[in-house]
Amino acid sequence: MMPRHPSQLYEALLEGLILFILINTITLKQKYKVGLSSSLFLIFYGIFRIVAEQFREPDSQLGYLFGNLSMGTILSSIMVISGFVFLIILRKKNES
């Protein structure tokens, strides 16, 4: 029996409380722009998911796909990339 991490608690803290405080702090201190909180949510949620995935056991039917990358890590990376793309599109739209 190997000791296990309480990954649900990590996810609750990172993806719940810390994400809520972080997004509210950033959006309330800046001049609000449409889409800012959505892109920040995608970026930070994806990053926090990647961190939490390191402490979880991968799904038994999938396992690790590429080295130490699980399906959750790959999908969360796509979420982070799409959040940055969305943020860049919003920045370009607001500049013009």
# chains A, B, ... in the order shown; residues from 1 in each chain; ligands from 1

$ residues_around --residues "Glu15 in chain A" --least-positions-apart "5" --cutoff "12 Å" --atoms "only C-alpha atoms" --output "ChimeraX atom specification"
/A:7-10,20-23,41-53

$ write_last_selection --atoms "N, CA and C atoms" --output "compact mmCIF listing (two decimals), in the first residue's frame"
# COMPACT_ATOMS: atom_id res chain seq x y z
N SER A 7 -5.82 14.30 -3.59
CA SER A 7 -5.88 15.14 -4.79
C SER A 7 -7.19 15.92 -4.89
N GLN A 8 -8.26 15.39 -4.32
CA GLN A 8 -9.52 16.13 -4.35
C GLN A 8 -9.42 17.42 -3.54
N LEU A 9 -8.67 17.39 -2.46
CA LEU A 9 -8.48 18.61 -1.68
C LEU A 9 -7.61 19.61 -2.42
N TYR A 10 -6.58 19.11 -3.11
CA TYR A 10 -5.74 19.99 -3.91
C TYR A 10 -6.59 20.67 -4.99
N PHE A 20 -10.98 31.43 -7.76
CA PHE A 20 -11.99 32.46 -7.52
C PHE A 20 -11.34 33.77 -7.06
N ILE A 21 -10.45 33.67 -6.09
CA ILE A 21 -9.79 34.88 -5.56
C ILE A 21 -8.92 35.52 -6.63
N LEU A 22 -8.19 34.73 -7.39
CA LEU A 22 -7.28 35.25 -8.41
C LEU A 22 -8.03 35.98 -9.52
N ILE A 23 -9.07 35.38 -10.05
CA ILE A 23 -9.82 36.00 -11.15
C ILE A 23 -10.53 37.25 -10.67
N PHE A 41 -9.83 32.55 -16.86
CA PHE A 41 -10.32 31.29 -16.32
C PHE A 41 -9.72 30.10 -17.07
N LEU A 42 -9.72 30.16 -18.38
CA LEU A 42 -9.15 29.06 -19.17
C LEU A 42 -7.68 28.85 -18.85
N ILE A 43 -6.94 29.94 -18.75
CA ILE A 43 -5.50 29.84 -18.50
C ILE A 43 -5.23 29.29 -17.11
N PHE A 44 -5.79 29.90 -16.08
CA PHE A 44 -5.48 29.49 -14.71
C PHE A 44 -6.09 28.14 -14.36
N TYR A 45 -7.29 27.86 -14.83
CA TYR A 45 -7.90 26.56 -14.56
C TYR A 45 -7.07 25.45 -15.19
N GLY A 46 -6.61 25.69 -16.42
CA GLY A 46 -5.77 24.70 -17.08
C GLY A 46 -4.46 24.48 -16.34
N ILE A 47 -3.83 25.55 -15.89
CA ILE A 47 -2.58 25.43 -15.14
C ILE A 47 -2.79 24.69 -13.83
N PHE A 48 -3.85 25.05 -13.12
CA PHE A 48 -4.12 24.38 -11.85
C PHE A 48 -4.48 22.91 -12.06
N ARG A 49 -5.16 22.60 -13.16
CA ARG A 49 -5.48 21.20 -13.47
C ARG A 49 -4.22 20.40 -13.76
N ILE A 50 -3.28 21.02 -14.49
CA ILE A 50 -2.02 20.33 -14.77
C ILE A 50 -1.27 20.03 -13.48
N VAL A 51 -1.26 20.98 -12.55
CA VAL A 51 -0.60 20.76 -11.26
C VAL A 51 -1.31 19.64 -10.50
N ALA A 52 -2.63 19.67 -10.46
CA ALA A 52 -3.38 18.65 -9.72
C ALA A 52 -3.25 17.27 -10.35
N GLU A 53 -3.11 17.23 -11.67
CA GLU A 53 -2.98 15.94 -12.36
C GLU A 53 -1.69 15.21 -11.98

$ closest_residue --among "A:Glu95, A:Val85, A:Phe66, A:Leu90" --to "Gly35 in chain A" --atoms "only C-alpha atoms"
A:Leu90

$ atom_distance --atom1 "CA of Ile18 in chain A" --atom2 "CA of Glu57 in chain A"
22.9 Å

$ atom_distance --atom1 "CA of Ser77 in chain A" --atom2 "CA of Lys31 in chain A"
28.0 Å

$ decode --residues "range 25-39 of chain A" --atoms "all heavy atoms" --output "PDB file, in the first residue's frame"
ATOM      1  N   THR A  25      -9.681  39.202  -8.157  1.00  0.00           N
ATOM      2  CA  THR A  25      -8.689  40.229  -7.876  1.00  0.00           C
ATOM      3  C   THR A  25      -8.214  40.898  -9.160  1.00  0.00           C
ATOM      4  O   THR A  25      -8.132  42.123  -9.233  1.00  0.00           O
ATOM      5  CB  THR A  25      -7.489  39.619  -7.127  1.00  0.00           C
ATOM      6  OG1 THR A  25      -7.957  39.008  -5.928  1.00  0.00           O
ATOM      7  CG2 THR A  25      -6.459  40.669  -6.798  1.00  0.00           C
ATOM      8  N   ILE A  26      -7.919  40.110 -10.167  1.00  0.00           N
ATOM      9  CA  ILE A  26      -7.410  40.662 -11.422  1.00  0.00           C
ATOM     10  C   ILE A  26      -8.479  41.459 -12.155  1.00  0.00           C
ATOM     11  O   ILE A  26      -8.215  42.575 -12.626  1.00  0.00           O
ATOM     12  CB  ILE A  26      -6.852  39.537 -12.319  1.00  0.00           C
ATOM     13  CG1 ILE A  26      -5.589  38.947 -11.692  1.00  0.00           C
ATOM     14  CG2 ILE A  26      -6.550  40.049 -13.724  1.00  0.00           C
ATOM     15  CD1 ILE A  26      -5.068  37.706 -12.386  1.00  0.00           C
ATOM     16  N   THR A  27      -9.687  40.946 -12.257  1.00  0.00           N
ATOM     17  CA  THR A  27     -10.715  41.641 -13.035  1.00  0.00           C
ATOM     18  C   THR A  27     -11.250  42.873 -12.318  1.00  0.00           C
ATOM     19  O   THR A  27     -11.657  43.830 -12.964  1.00  0.00           O
ATOM     20  CB  THR A  27     -11.888  40.697 -13.385  1.00  0.00           C
ATOM     21  OG1 THR A  27     -12.412  40.122 -12.196  1.00  0.00           O
ATOM     22  CG2 THR A  27     -11.437  39.628 -14.337  1.00  0.00           C
ATOM     23  N   LEU A  28     -11.249  42.881 -10.997  1.00  0.00           N
ATOM     24  CA  LEU A  28     -11.776  44.043 -10.284  1.00  0.00           C
ATOM     25  C   LEU A  28     -10.753  45.169 -10.170  1.00  0.00           C
ATOM     26  O   LEU A  28     -11.139  46.325 -10.003  1.00  0.00           O
ATOM     27  CB  LEU A  28     -12.268  43.640  -8.896  1.00  0.00           C
ATOM     28  CG  LEU A  28     -13.486  42.708  -8.880  1.00  0.00           C
ATOM     29  CD1 LEU A  28     -13.828  42.313  -7.458  1.00  0.00           C
ATOM     30  CD2 LEU A  28     -14.673  43.366  -9.562  1.00  0.00           C
ATOM     31  N   LYS A  29      -9.462  44.864 -10.260  1.00  0.00           N
ATOM     32  CA  LYS A  29      -8.441  45.907 -10.161  1.00  0.00           C
ATOM     33  C   LYS A  29      -8.159  46.578 -11.495  1.00  0.00           C
ATOM     34  O   LYS A  29      -7.583  47.648 -11.534  1.00  0.00           O
ATOM     35  CB  LYS A  29      -7.148  45.335  -9.583  1.00  0.00           C
ATOM     36  CG  LYS A  29      -7.251  45.053  -8.112  1.00  0.00           C
ATOM     37  CD  LYS A  29      -5.914  44.806  -7.499  1.00  0.00           C
ATOM     38  CE  LYS A  29      -6.110  44.611  -6.008  1.00  0.00           C
ATOM     39  NZ  LYS A  29      -4.876  44.675  -5.285  1.00  0.00           N
ATOM     40  N   GLN A  30      -8.541  45.954 -12.595  1.00  0.00           N
ATOM     41  CA  GLN A  30      -8.303  46.526 -13.908  1.00  0.00           C
ATOM     42  C   GLN A  30      -9.610  47.055 -14.468  1.00  0.00           C
ATOM     43  O   GLN A  30     -10.689  46.744 -13.973  1.00  0.00           O
ATOM     44  CB  GLN A  30      -7.750  45.475 -14.865  1.00  0.00           C
ATOM     45  CG  GLN A  30      -6.399  44.956 -14.500  1.00  0.00           C
ATOM     46  CD  GLN A  30      -5.895  43.969 -15.540  1.00  0.00           C
ATOM     47  OE1 GLN A  30      -6.543  43.708 -16.526  1.00  0.00           O
ATOM     48  NE2 GLN A  30      -4.727  43.421 -15.300  1.00  0.00           N
ATOM     49  N   LYS A  31      -9.480  47.867 -15.503  1.00  0.00           N
ATOM     50  CA  LYS A  31     -10.670  48.279 -16.224  1.00  0.00           C
ATOM     51  C   LYS A  31     -11.193  47.051 -16.950  1.00  0.00           C
ATOM     52  O   LYS A  31     -10.494  46.447 -17.754  1.00  0.00           O
ATOM     53  CB  LYS A  31     -10.332  49.392 -17.225  1.00  0.00           C
ATOM     54  CG  LYS A  31     -11.526  49.909 -17.954  1.00  0.00           C
ATOM     55  CD  LYS A  31     -11.134  50.974 -18.941  1.00  0.00           C
ATOM     56  CE  LYS A  31     -12.352  51.361 -19.745  1.00  0.00           C
ATOM     57  NZ  LYS A  31     -11.984  52.187 -20.882  1.00  0.00           N
ATOM     58  N   TYR A  32     -12.412  46.662 -16.646  1.00  0.00           N
ATOM     59  CA  TYR A  32     -12.951  45.409 -17.164  1.00  0.00           C
ATOM     60  C   TYR A  32     -13.124  45.465 -18.671  1.00  0.00           C
ATOM     61  O   TYR A  32     -13.684  46.410 -19.199  1.00  0.00           O
ATOM     62  CB  TYR A  32     -14.288  45.083 -16.503  1.00  0.00           C
ATOM     63  CG  TYR A  32     -14.830  43.755 -16.955  1.00  0.00           C
ATOM     64  CD1 TYR A  32     -14.310  42.580 -16.461  1.00  0.00           C
ATOM     65  CD2 TYR A  32     -15.835  43.679 -17.905  1.00  0.00           C
ATOM     66  CE1 TYR A  32     -14.776  41.363 -16.872  1.00  0.00           C
ATOM     67  CE2 TYR A  32     -16.312  42.465 -18.327  1.00  0.00           C
ATOM     68  CZ  TYR A  32     -15.787  41.311 -17.803  1.00  0.00           C
ATOM     69  OH  TYR A  32     -16.251  40.106 -18.232  1.00  0.00           O
ATOM     70  N   LYS A  33     -12.640  44.428 -19.325  1.00  0.00           N
ATOM     71  CA  LYS A  33     -12.822  44.264 -20.761  1.00  0.00           C
ATOM     72  C   LYS A  33     -13.577  42.970 -20.982  1.00  0.00           C
ATOM     73  O   LYS A  33     -13.321  41.975 -20.307  1.00  0.00           O
ATOM     74  CB  LYS A  33     -11.473  44.223 -21.473  1.00  0.00           C
ATOM     75  CG  LYS A  33     -10.718  45.507 -21.344  1.00  0.00           C
ATOM     76  CD  LYS A  33      -9.351  45.408 -21.937  1.00  0.00           C
ATOM     77  CE  LYS A  33      -8.619  46.715 -21.654  1.00  0.00           C
ATOM     78  NZ  LYS A  33      -7.206  46.565 -21.645  1.00  0.00           N
ATOM     79  N   VAL A  34     -14.492  42.979 -21.932  1.00  0.00           N
ATOM     80  CA  VAL A  34     -15.305  41.801 -22.210  1.00  0.00           C
ATOM     81  C   VAL A  34     -14.401  40.645 -22.623  1.00  0.00           C
ATOM     82  O   VAL A  34     -13.531  40.793 -23.480  1.00  0.00           O
ATOM     83  CB  VAL A  34     -16.334  42.111 -23.318  1.00  0.00           C
ATOM     84  CG1 VAL A  34     -17.102  40.862 -23.706  1.00  0.00           C
ATOM     85  CG2 VAL A  34     -17.283  43.196 -22.868  1.00  0.00           C
ATOM     86  N   GLY A  35     -14.586  39.495 -21.996  1.00  0.00           N
ATOM     87  CA  GLY A  35     -13.824  38.307 -22.321  1.00  0.00           C
ATOM     88  C   GLY A  35     -12.575  38.101 -21.488  1.00  0.00           C
ATOM     89  O   GLY A  35     -11.959  37.039 -21.566  1.00  0.00           O
ATOM     90  N   LEU A  36     -12.187  39.085 -20.694  1.00  0.00           N
ATOM     91  CA  LEU A  36     -10.970  38.957 -19.893  1.00  0.00           C
ATOM     92  C   LEU A  36     -11.090  37.851 -18.865  1.00  0.00           C
ATOM     93  O   LEU A  36     -10.203  37.000 -18.745  1.00  0.00           O
ATOM     94  CB  LEU A  36     -10.642  40.287 -19.194  1.00  0.00           C
ATOM     95  CG  LEU A  36      -9.434  40.270 -18.273  1.00  0.00           C
ATOM     96  CD1 LEU A  36      -8.169  40.013 -19.068  1.00  0.00           C
ATOM     97  CD2 LEU A  36      -9.339  41.561 -17.491  1.00  0.00           C
ATOM     98  N   SER A  37     -12.191  37.822 -18.135  1.00  0.00           N
ATOM     99  CA  SER A  37     -12.319  36.799 -17.096  1.00  0.00           C
ATOM    100  C   SER A  37     -12.443  35.397 -17.703  1.00  0.00           C
ATOM    101  O   SER A  37     -11.965  34.426 -17.113  1.00  0.00           O
ATOM    102  CB  SER A  37     -13.508  37.100 -16.183  1.00  0.00           C
ATOM    103  OG  SER A  37     -14.704  37.147 -16.925  1.00  0.00           O
ATOM    104  N   SER A  38     -13.044  35.286 -18.878  1.00  0.00           N
ATOM    105  CA  SER A  38     -13.147  33.975 -19.526  1.00  0.00           C
ATOM    106  C   SER A  38     -11.778  33.456 -19.945  1.00  0.00           C
ATOM    107  O   SER A  38     -11.463  32.276 -19.729  1.00  0.00           O
ATOM    108  CB  SER A  38     -14.047  34.058 -20.761  1.00  0.00           C
ATOM    109  OG  SER A  38     -15.336  34.435 -20.400  1.00  0.00           O
ATOM    110  N   SER A  39     -10.967  34.310 -20.534  1.00  0.00           N
ATOM    111  CA  SER A  39      -9.637  33.872 -20.951  1.00  0.00           C
ATOM    112  C   SER A  39      -8.754  33.582 -19.745  1.00  0.00           C
ATOM    113  O   SER A  39      -7.992  32.614 -19.745  1.00  0.00           O
ATOM    114  CB  SER A  39      -8.986  34.902 -21.870  1.00  0.00           C
ATOM    115  OG  SER A  39      -8.857  36.136 -21.215  1.00  0.00           O
TER     116      SER A  39
END
